[in-house]
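K.L.:
Supplied structure: run-v1.pdb, PDB, C-alpha atoms.
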```
ATOM      1  CA  MET A   7      -8.342  -4.515  -4.953
ATOM      2  CA  LEU A   8      -7.399  -4.228  -8.613
ATOM      3  CA  THR A   9      -8.676  -2.312 -11.602
ATOM      4  CA  PHE A  10      -7.646  -3.083 -15.165
ATOM      5  CA  THR A  11      -5.986  -0.608 -17.522
ATOM      6  CA  SER A  12      -4.280  -0.705 -20.915
ATOM      7  CA  ALA A  13      -1.033  -1.400 -19.028
ATOM      8  CA  GLY A  14      -2.488  -4.273 -17.009
ATOM      9  CA  ALA A  15      -3.872  -4.638 -13.503
ATOM     10  CA  VAL A  16      -3.321  -1.727 -11.106
ATOM     11  CA  SER A  17      -4.269  -1.464  -7.436
ATOM     12  CA  LYS A  18      -7.226   0.800  -6.837
ATOM     13  CA  PRO A  19      -5.937   3.970  -5.165
ATOM     14  CA  ARG A  20      -7.359   5.601  -2.055
ATOM     15  CA  THR A  21      -6.580   9.111  -3.370
ATOM     16  CA  VAL A  22      -8.638  11.228  -5.742
ATOM     17  CA  GLN A  23      -7.320  14.368  -7.418
ATOM     18  CA  ILE A  24      -9.917  16.817  -8.691
ATOM     19  CA  ARG A  25      -8.708  19.418 -11.153
ATOM     20  CA  VAL A  26     -11.446  21.992 -10.973
ATOM     21  CA  GLN A  27     -10.428  24.452 -13.685
ATOM     22  CA  ARG A  28      -9.820  24.238 -17.407
ATOM     23  CA  ALA A  29      -6.580  26.238 -17.475
ATOM     24  CA  TYR A  30      -3.671  25.641 -15.133
ATOM     25  CA  PRO A  31      -0.620  27.372 -16.627
ATOM     26  CA  GLY A  32       1.433  27.048 -13.461
ATOM     27  CA  ARG A  33       0.977  23.312 -13.018
ATOM     28  CA  ILE A  34       3.481  20.555 -13.641
ATOM     29  CA  ARG A  35       2.874  19.536 -17.229
ATOM     30  CA  ALA A  36       2.309  15.805 -17.176
ATOM     31  CA  GLY A  37       0.589  15.180 -20.459
ATOM     32  CA  ALA A  38      -2.717  15.242 -18.590
ATOM     33  CA  PRO A  39      -5.970  15.522 -20.507
ATOM     34  CA  VAL A  40      -6.888  19.150 -21.159
ATOM     35  CA  PRO A  41     -10.525  19.566 -20.091
ATOM     36  CA  THR A  42     -12.880  21.527 -22.281
ATOM     37  CA  ARG A  43     -14.246  23.559 -19.366
ATOM     38  CA  SER A  44     -14.068  24.116 -15.620
ATOM     39  CA  MET A  45     -16.100  22.118 -13.113
ATOM     40  CA  SER A  46     -19.078  23.556 -11.282
ATOM     41  CA  ALA A  47     -19.417  23.369  -7.508
ATOM     42  CA  GLU A  48     -22.241  20.846  -7.989
ATOM     43  CA  GLU A  49     -19.992  18.611 -10.096
ATOM     44  CA  ILE A  50     -17.188  18.760  -7.551
ATOM     45  CA  GLU A  51     -19.627  17.766  -4.812
ATOM     46  CA  ALA A  52     -20.975  14.892  -6.930
ATOM     47  CA  ASN A  53     -17.469  13.543  -7.456
ATOM     48  CA  LEU A  54     -16.619  13.870  -3.767
ATOM     49  CA  ARG A  55     -19.688  11.786  -2.964
ATOM     50  CA  PHE A  56     -18.955   9.248  -5.727
ATOM     51  CA  PHE A  57     -15.410   8.547  -4.516
ATOM     52  CA  THR A  58     -16.356   8.348  -0.815
ATOM     53  CA  GLU A  59     -19.862   7.211   0.140
ATOM     54  CA  GLY A  60     -20.337   5.840  -3.391
ATOM     55  CA  GLN A  61     -17.425   3.409  -2.981
ATOM     56  CA  THR A  62     -18.299   1.668   0.261
ATOM     57  CA  GLY A  63     -19.356  -1.699  -1.178
ATOM     58  CA  PRO A  64     -17.534  -5.038  -0.847
ATOM     59  CA  ARG A  65     -15.688  -4.595  -4.184
ATOM     60  CA  THR A  66     -14.853  -0.903  -3.878
ATOM     61  CA  ARG A  67     -12.462   1.290  -1.864
ATOM     62  CA  PRO A  68     -13.580   4.766  -0.756
ATOM     63  CA  ALA A  69     -11.035   7.549  -1.155
ATOM     64  CA  THR A  70      -9.508   8.777   2.074
ATOM     65  CA  THR A  71      -7.208  11.418   0.544
ATOM     66  CA  LEU A  72      -8.324  14.379  -1.576
ATOM     67  CA  VAL A  73      -6.006  16.441  -3.767
ATOM     68  CA  LEU A  74      -7.611  19.633  -5.072
ATOM     69  CA  SER A  75      -5.895  21.593  -7.844
ATOM     70  CA  GLY A  76      -6.512  24.058 -10.658
ATOM     71  CA  VAL A  77      -6.210  27.734 -11.477
ATOM     72  CA  GLY A  78      -8.108  29.793  -8.947
ATOM     73  CA  VAL A  79      -9.099  26.859  -6.748
ATOM     74  CA  VAL A  80      -7.849  28.692  -3.652
ATOM     75  CA  SER A  81      -9.938  31.726  -4.647
ATOM     76  CA  ARG A  82     -13.222  29.993  -5.467
ATOM     77  CA  ALA A  83     -15.848  31.022  -2.932
ATOM     78  CA  GLU A  84     -17.157  27.477  -2.530
ATOM     79  CA  THR A  85     -13.780  25.795  -1.903
ATOM     80  CA  PRO A  86     -13.850  26.014   1.951
ATOM     81  CA  ALA A  87     -17.354  24.520   2.077
ATOM     82  CA  LEU A  88     -16.370  21.718  -0.311
ATOM     83  CA  LEU A  89     -13.379  20.893   1.878
ATOM     84  CA  ASP A  90     -15.662  20.769   4.914
ATOM     85  CA  LEU A  91     -17.984  18.419   3.010
ATOM     86  CA  ALA A  92     -15.083  16.138   2.129
ATOM     87  CA  ARG A  93     -14.309  15.713   5.837
ATOM     88  CA  THR A  94     -17.901  14.754   6.629
ATOM     89  CA  LEU A  95     -17.701  12.150   3.845
ATOM     90  CA  GLY A  96     -14.731  10.422   5.451
ATOM     91  CA  VAL A  97     -11.773  12.091   3.771
ATOM     92  CA  GLU A  98      -8.902  11.917   6.256
ATOM     93  CA  ARG A  99      -6.254  13.899   4.400
ATOM     94  CA  VAL A 100      -6.657  17.001   2.212
ATOM     95  CA  VAL A 101      -3.893  18.382   0.010
ATOM     96  CA  LEU A 102      -4.586  21.730  -1.656
ATOM     97  CA  HIS A 103      -2.393  22.925  -4.542
ATOM     98  CA  CYS A 104      -2.009  26.622  -5.216
ATOM     99  CA  GLY A 105      -0.952  27.671  -8.724
ATOM    100  CA  THR A 106       1.794  30.204  -9.424
ATOM    101  CA  GLU A 107      -0.764  32.665 -10.752
ATOM    102  CA  ASP A 108      -2.772  32.478  -7.484
ATOM    103  CA  LEU A 109      -0.016  33.215  -4.992
ATOM    104  CA  GLU A 110      -0.783  36.917  -4.526
ATOM    105  CA  ARG A 111      -4.507  36.230  -3.980
ATOM    106  CA  LEU A 112      -4.002  33.417  -1.486
ATOM    107  CA  GLU A 113      -5.769  33.917   1.868
ATOM    108  CA  PRO A 114      -4.168  31.227   4.054
ATOM    109  CA  ALA A 115      -6.468  31.759   7.043
ATOM    110  CA  LEU A 116      -9.398  30.382   4.998
ATOM    111  CA  PHE A 117      -7.776  26.956   4.993
ATOM    112  CA  ARG A 118      -6.624  26.679   8.580
ATOM    113  CA  ASP A 119      -8.073  23.452  10.041
ATOM    114  CA  ARG A 120      -9.386  22.558   6.561
ATOM    115  CA  VAL A 121      -6.276  21.262   4.791
ATOM    116  CA  ASP A 122      -3.528  18.958   5.983
ATOM    117  CA  VAL A 123      -0.962  20.285   3.510
ATOM    118  CA  LEU A 124      -0.978  23.404   1.376
ATOM    119  CA  VAL A 125       1.411  22.969  -1.567
ATOM    120  CA  LEU A 126       2.918  26.143  -2.979
ATOM    121  CA  PRO A 127       5.044  26.534  -6.112
ATOM    122  CA  VAL A 128       8.418  28.234  -5.814
ATOM    123  CA  GLN A 129       9.545  28.678  -9.389
ATOM    124  CA  PRO A 130      12.812  30.607  -9.907
ATOM    125  CA  GLY A 131      13.293  32.462 -13.148
ATOM    126  CA  PRO A 132      12.336  35.728 -14.846
ATOM    127  CA  SER A 133       8.665  35.531 -13.793
ATOM    128  CA  GLY A 134       9.449  36.282 -10.142
ATOM    129  CA  GLY A 135       7.747  33.068  -9.016
ATOM    130  CA  SER A 136      10.451  32.346  -6.477
ATOM    131  CA  ILE A 137       9.827  35.586  -4.582
ATOM    132  CA  ALA A 138       6.049  35.227  -4.730
ATOM    133  CA  GLY A 139       6.243  31.595  -3.673
ATOM    134  CA  THR A 140       8.478  32.139  -0.668
ATOM    135  CA  ARG A 141       6.366  35.100   0.488
ATOM    136  CA  ALA A 142       3.266  32.885   0.310
ATOM    137  CA  LEU A 143       5.105  30.192   2.280
ATOM    138  CA  GLY A 144       5.817  32.685   5.035
ATOM    139  CA  ARG A 145       2.217  33.962   5.134
ATOM    140  CA  SER A 146       0.830  30.444   5.194
ATOM    141  CA  ARG A 147       3.093  29.284   8.005
ATOM    142  CA  ALA A 148       2.187  32.392  10.006
ATOM    143  CA  ALA A 149      -1.485  31.446   9.556
ATOM    144  CA  GLY A 150      -0.800  28.071  11.157
ATOM    145  CA  LEU A 151      -0.848  25.902   8.026
ATOM    146  CA  THR A 152       1.383  22.945   7.271
ATOM    147  CA  VAL A 153       3.055  23.872   4.009
ATOM    148  CA  ALA A 154       5.108  22.086   1.376
ATOM    149  CA  SER A 155       6.689  23.577  -1.709
ATOM    150  CA  ASN A 156       7.665  22.438  -5.170
ATOM    151  CA  THR A 157       9.993  23.519  -7.963
ATOM    152  CA  VAL A 158       9.718  22.194 -11.503
ATOM    153  CA  LEU A 159      13.167  21.764 -13.038
ATOM    154  CA  THR A 160      12.587  23.955 -16.076
ATOM    155  CA  PRO A 161      15.444  25.431 -18.127
ATOM    156  CA  ALA A 162      14.691  28.843 -16.573
ATOM    157  CA  ALA A 163      14.766  27.476 -13.014
ATOM    158  CA  VAL A 164      17.873  25.281 -13.046
ATOM    159  CA  PRO A 165      20.532  28.074 -13.012
ATOM    160  CA  HIS A 166      18.894  29.644  -9.942
ATOM    161  CA  LEU A 167      18.224  26.633  -7.717
ATOM    162  CA  GLU A 168      20.852  27.423  -5.093
ATOM    163  CA  ALA A 169      19.732  31.032  -4.609
ATOM    164  CA  SER A 170      16.114  29.929  -4.519
ATOM    165  CA  ALA A 171      16.965  27.232  -1.965
ATOM    166  CA  ARG A 172      18.302  29.861   0.428
ATOM    167  CA  ALA A 173      14.955  31.699   0.280
ATOM    168  CA  ILE A 174      13.009  28.453   0.654
ATOM    169  CA  ALA A 175      15.064  27.407   3.688
ATOM    170  CA  ALA A 176      14.374  30.779   5.311
ATOM    171  CA  ALA A 177      10.627  30.364   4.685
ATOM    172  CA  GLY A 178      10.752  26.896   6.280
ATOM    173  CA  PRO A 179       8.339  24.535   4.502
ATOM    174  CA  GLY A 180       8.067  21.063   5.944
ATOM    175  CA  ARG A 181       9.111  19.544   2.648
ATOM    176  CA  HIS A 182      10.387  20.754  -0.702
ATOM    177  CA  THR A 183      10.164  18.651  -3.863
ATOM    178  CA  TYR A 184      12.061  19.063  -7.118
ATOM    179  CA  THR A 185      10.180  17.634 -10.084
ATOM    180  CA  TRP A 186      11.511  16.915 -13.553
ATOM    181  CA  PRO A 187       9.075  18.213 -16.217
ATOM    182  CA  PHE A 188       6.802  15.439 -17.370
ATOM    183  CA  PRO A 189       6.566  15.126 -21.178
ATOM    184  CA  ILE A 190       3.593  16.882 -22.709
ATOM    185  CA  ALA A 191       1.332  14.555 -24.662
ATOM    186  CA  GLY A 192       1.680  15.038 -28.399
ATOM    187  CA  ASN A 193       4.695  17.340 -28.085
ATOM    188  CA  ALA A 194       7.911  15.489 -28.892
ATOM    189  CA  SER A 195       9.964  18.663 -28.428
ATOM    190  CA  SER A 196       9.011  19.341 -24.788
ATOM    191  CA  HIS A 197      11.705  21.747 -23.619
ATOM    192  CA  VAL A 198      13.774  20.492 -20.689
ATOM    193  CA  PRO A 199      17.210  21.385 -19.258
ATOM    194  CA  GLY A 200      20.368  19.354 -19.718
ATOM    195  CA  VAL A 201      20.164  16.545 -17.199
ATOM    196  CA  ARG A 202      23.795  16.793 -16.027
ATOM    197  CA  ALA A 203      23.519  20.545 -15.413
ATOM    198  CA  ALA A 204      20.242  19.989 -13.579
ATOM    199  CA  VAL A 205      21.765  17.397 -11.244
ATOM    200  CA  ARG A 206      24.775  19.625 -10.499
ATOM    201  CA  SER A 207      22.469  22.504  -9.614
ATOM    202  CA  LEU A 208      20.289  20.175  -7.555
ATOM    203  CA  GLU A 209      23.282  19.058  -5.503
ATOM    204  CA  GLN A 210      24.016  22.659  -4.513
ATOM    205  CA  ALA A 211      20.387  23.434  -3.689
ATOM    206  CA  VAL A 212      19.881  20.267  -1.650
ATOM    207  CA  ARG A 213      22.885  21.079   0.547
ATOM    208  CA  VAL A 214      21.368  24.477   1.343
ATOM    209  CA  LEU A 215      17.907  23.070   2.124
ATOM    210  CA  GLU A 216      19.121  20.211   4.276
ATOM    211  CA  ARG A 217      21.348  22.561   6.277
ATOM    212  CA  GLY A 218      18.186  24.610   6.845
ATOM    213  CA  GLY A 219      16.281  21.583   8.155
ATOM    214  CA  VAL A 220      14.002  21.146   5.121
ATOM    215  CA  VAL A 221      13.140  17.612   4.003
ATOM    216  CA  VAL A 222      13.852  17.287   0.275
ATOM    217  CA  GLY A 223      12.397  14.939  -2.345
ATOM    218  CA  VAL A 224      13.122  14.402  -6.036
ATOM    219  CA  LYS A 225      10.523  13.138  -8.510
ATOM    220  CA  GLY A 226      10.574  12.381 -12.220
ATOM    221  CA  LEU A 227      14.274  11.477 -12.590
ATOM    222  CA  PRO A 228      15.660   7.925 -12.350
ATOM    223  CA  GLY A 229      18.032   7.012  -9.563
ATOM    224  CA  CYS A 230      20.858   6.145 -11.951
ATOM    225  CA  TYR A 231      20.975   9.813 -13.062
ATOM    226  CA  LEU A 232      21.127  11.215  -9.544
ATOM    227  CA  GLY A 233      24.297   9.852  -7.968
ATOM    228  CA  GLY A 234      24.274  10.612  -4.258
ATOM    229  CA  LEU A 235      20.902  12.378  -4.571
ATOM    230  CA  ALA A 236      19.229   9.047  -5.298
ATOM    231  CA  ARG A 237      18.586   8.805  -1.534
ATOM    232  CA  LEU A 238      15.975  11.561  -2.064
ATOM    233  CA  LEU A 239      13.892   9.630  -4.575
ATOM    234  CA  TRP A 240      10.205   9.856  -3.811
ATOM    235  CA  LYS A 241       8.195   7.098  -5.473
ATOM    236  CA  SER A 242       4.930   8.260  -6.994
ATOM    237  CA  ALA A 243       1.635   7.174  -5.485
ATOM    238  CA  ASN A 244      -1.265   6.558  -7.833
ATOM    239  CA  ARG A 245      -4.583   8.406  -7.714
ATOM    240  CA  TRP A 246      -7.866   8.784  -9.490
ATOM    241  CA  TYR A 247      -7.776  11.852 -11.740
ATOM    242  CA  VAL A 248     -10.964  13.868 -12.227
ATOM    243  CA  ASP A 249     -11.635  16.861 -14.446
ATOM    244  CA  ALA A 250     -14.711  18.205 -16.231
ATOM    245  CA  ASP A 251     -14.410  15.576 -18.974
ATOM    246  CA  HIS A 252     -13.477  12.634 -16.720
ATOM    247  CA  GLN A 253     -15.904  12.472 -13.829
ATOM    248  CA  CYS A 254     -17.145   9.828 -11.387
ATOM    249  CA  GLY A 255     -17.094   6.474 -13.223
ATOM    250  CA  GLY A 256     -15.264   8.095 -16.132
ATOM    251  CA  ALA A 257     -12.279   9.206 -14.020
ATOM    252  CA  VAL A 258      -8.866   7.938 -15.090
ATOM    253  CA  LEU A 259      -5.892   6.599 -13.170
ATOM    254  CA  PHE A 260      -3.011   9.061 -13.156
ATOM    255  CA  TYR A 261      -0.592   6.163 -13.671
ATOM    256  CA  PRO A 262      -0.595   4.769 -16.340
ATOM    257  CA  GLU A 263      -3.490   6.525 -18.109
ATOM    258  CA  VAL A 264      -2.260  10.122 -17.715
ATOM    259  CA  ALA A 265       1.484   9.573 -17.288
ATOM    260  CA  ARG A 266       3.541   6.433 -17.752
ATOM    261  CA  PHE A 267       7.050   5.744 -16.486
ATOM    262  CA  HIS A 268       9.384   3.358 -18.283
ATOM    263  CA  LYS A 269      11.908   0.864 -16.913
ATOM    264  CA  ASP A 270      14.395  -1.199 -18.905
ATOM    265  CA  GLU A 271      15.180  -4.862 -18.298
ATOM    266  CA  ALA A 272      18.373  -3.767 -16.521
ATOM    267  CA  CYS A 273      16.303  -1.989 -13.853
ATOM    268  CA  ARG A 274      15.363  -5.373 -12.379
ATOM    269  CA  PHE A 275      18.947  -5.681 -11.131
ATOM    270  CA  CYS A 276      19.162  -2.169  -9.659
ATOM    271  CA  SER A 277      19.404  -1.689  -5.895
ATOM    272  CA  LEU A 278      17.207   1.400  -6.267
ATOM    273  CA  ASP A 279      14.408  -0.382  -8.132
ATOM    274  CA  PRO A 280      11.931  -0.407  -5.203
ATOM    275  CA  ALA A 281      12.260   3.379  -4.725
ATOM    276  CA  CYS A 282      12.579   4.462  -8.367
ATOM    277  CA  ASP A 283       9.723   5.133 -10.796
ATOM    278  CA  GLY A 284      12.001   4.854 -13.824
ATOM    279  CA  PHE A 285      11.943   7.548 -16.499
ATOM    280  CA  PHE A 286       9.978   8.674 -19.529
ATOM    281  CA  SER A 287      10.656   6.885 -22.802
ATOM    282  CA  THR A 288      10.082  10.198 -24.630
ATOM    283  CA  TYR A 289      13.283  11.579 -23.114
ATOM    284  CA  LEU A 290      15.266   8.345 -23.347
ATOM    285  CA  ARG A 291      14.943   8.544 -27.119
ATOM    286  CA  ARG A 292      16.691  11.926 -27.142
ATOM    287  CA  GLU A 293      20.348  12.793 -27.259
ATOM    288  CA  GLY A 294      21.810  13.690 -23.870
ATOM    289  CA  PHE A 295      19.757  11.190 -21.865
ATOM    290  CA  PRO A 296      21.819   8.083 -21.004
ATOM    291  CA  ALA A 297      20.278   4.634 -21.046
ATOM    292  CA  LEU A 298      18.968   3.430 -17.696
ATOM    293  CA  ALA A 299      21.628   1.462 -15.829
ATOM    294  CA  PRO A 300      21.452  -0.595 -12.626
ATOM    295  CA  VAL A 301      22.965   0.937  -9.501
ATOM    296  CA  GLN A 302      24.777  -1.537  -7.292
ATOM    297  CA  PRO A 303      24.519  -1.331  -3.492
ATOM    298  CA  GLU A 304      27.397   0.272  -1.637
ATOM    299  CA  PRO A 305      29.772  -2.329  -0.148
ATOM    300  CA  VAL A 306      29.517  -2.786   3.623
ATOM    301  CA  GLU A 307      32.738  -1.783   5.332
ATOM    302  CA  GLY A 308      34.383  -4.580   7.239
ATOM    303  CA  GLY A 309      32.363  -7.249   5.459
ATOM    304  CA  SER A 310      33.960 -10.482   4.302
ATOM    305  CA  ALA A 311      33.227 -12.929   1.561
ATOM    306  CA  GLY A 312      32.425 -16.545   2.296
TER     307      GLY A 312
END
```
So, in terms of structure tokens, how does the structure I just supplied come out?
P.N.:
Amino acid sequence: MLTFTSAGAVSKPRTVQIRVQRAYPGRIRAGAPVPTRSMSAEEIEANLRFFTEGQTGPRTRPATTLVLSGVGVVSRAETPALLDLARTLGVERVVLHCGTEDLERLEPALFRDRVDVLVLPVQPGPSGGSIAGTRALGRSRAAGLTVASNTVLTPAAVPHLEASARAIAAAGPGRHTYTWPFPIAGNASSHVPGVRAAVRSLEQAVRVLERGGVVVGVKGLPGCYLGGLARLLWKSANRWYVDADHQCGGAVLFYPEVARFHKDEACRFCSLDPACDGFFSTYLRREGFPALAPVQPEPVEGGSAG
């Protein structure tokens, strides 16, 4: 089933993300709309019902995956009950995001048997987010939760990726994702690290994590920037995006209405095209970001022509 956007027809997703709070300073900045207020428990319930039992007609697709995010979402008293409601409404998979600022207050036992994946930020740098994040990973695993972790490749984080990877590997999440900072809407000077330095640091960190048995993914960078790390590309899945100002029928599609990736004509001839999102045109216009270039498949040893 298709829905129509300013970028053309897009398949209707089966995932809905509800951002429950106005402020989310620890989130990945993706140029998302900034809501004017937080959502009430009644509004969250109404949106859960809209995207499940409200989408069961012949031309609609009910959501089967829920992503819940926002400052303090893990601390809101009504969150466990709302997650229970989502299950009764047919949601099969629940992903709960904890913000950096909520790590110390996290009570993992509240979410045992309620969430399929708890996503925790591990953000190296002067704020101490790496230590807090890995401690929360350990507590959550001890409580019986399936946990994943994420690091945004900020300028402060990149020099410390290898050391942080050692702590992450010891904490043992099922998966760790490195995400390039999405451009912030209206801010042409979004601060990001040098891409070559970031990839070099990523290579060191990935070796540590994979030796520790952690599955690694990379999002937000094009395959032609990543060299051998292109095998870790994780293509983005679309979702409905809900906040206080975009609810029920007014929700927006994350891609392309919140964030939009760009591909050049040359990408059509790239062996990585099916797995690669592309990149952000905002960055491609800046110095230090090479033009997108097709990657050719590795030759098969022992093959012959003709």
K.L.:
Name all residues at most 9 Å from Met45 in chain A (count all atoms listed in the file; drop same-chain ones fewer than 5 positions away) and give them as a list of chain:residue names.
P.N.:
A:Arg25, A:Val26, A:Gln27, A:Arg28, A:Ile50, A:Asp249, A:Ala250, A:Asp251
K.L.:
So which residues touch Val79 in chain A within 10 Å, counting all atoms listed in the file, skipping near sequence neighbours fewer than 6 positions away, as a tab-separated table (two decimals) with C-alpha atoms, keeping the file's coordinate frame?
P.N.:
```
chain	number	residue	atom	x	y	z
A	25	ARG	CA	-8.71	19.42	-11.15
A	26	VAL	CA	-11.45	21.99	-10.97
A	27	GLN	CA	-10.43	24.45	-13.68
A	85	THR	CA	-13.78	25.80	-1.90
A	86	PRO	CA	-13.85	26.01	1.95
A	102	LEU	CA	-4.59	21.73	-1.66
A	103	HIS	CA	-2.39	22.92	-4.54
A	104	CYS	CA	-2.01	26.62	-5.22
A	105	GLY	CA	-0.95	27.67	-8.72
A	108	ASP	CA	-2.77	32.48	-7.48
A	112	LEU	CA	-4.00	33.42	-1.49
```
K.L.:
What is the CA of Pro161 in chain A to CA of Phe295 in chain A distance in Å?
P.N.:
15.3 Å
K.L.:
Would you list the residues near (7.3, 32.9, -4.4), meaning any protein, DNA or RNA residue with an atom at most 8 Å from that point in file coordinates, counting all atoms listed in the file, as a ChimeraX atom specification?
P.N.:
/A:106,109,127-129,134-143
K.L.:
Please write the residues from the selection above to a file, keeping C-alpha atoms, as a PDB file, in the frame of the given file.
P.N.:
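Okay, this is what ended up in result.pdb:
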```
ATOM      1  CA  THR A 106       1.794  30.204  -9.424  1.00  0.00           C
ATOM      2  CA  LEU A 109      -0.016  33.215  -4.992  1.00  0.00           C
ATOM      3  CA  PRO A 127       5.044  26.534  -6.112  1.00  0.00           C
ATOM      4  CA  VAL A 128       8.418  28.234  -5.814  1.00  0.00           C
ATOM      5  CA  GLN A 129       9.545  28.678  -9.389  1.00  0.00           C
ATOM      6  CA  GLY A 134       9.449  36.282 -10.142  1.00  0.00           C
ATOM      7  CA  GLY A 135       7.747  33.068  -9.016  1.00  0.00           C
ATOM      8  CA  SER A 136      10.451  32.346  -6.477  1.00  0.00           C
ATOM      9  CA  ILE A 137       9.827  35.586  -4.582  1.00  0.00           C
ATOM     10  CA  ALA A 138       6.049  35.227  -4.730  1.00  0.00           C
ATOM     11  CA  GLY A 139       6.243  31.595  -3.673  1.00  0.00           C
ATOM     12  CA  THR A 140       8.478  32.139  -0.668  1.00  0.00           C
ATOM     13  CA  ARG A 141       6.366  35.100   0.488  1.00  0.00           C
ATOM     14  CA  ALA A 142       3.266  32.885   0.310  1.00  0.00           C
ATOM     15  CA  LEU A 143       5.105  30.192   2.280  1.00  0.00           C
TER      16      LEU A 143
END
```
K.L.:
List, as a ChimeraX atom specification, every residue that the PyMOL selection byres ((chain A and resi 241) around 9) selects in the file provided.
P.N.:
/A:224-226,239-240,242-243,280-283
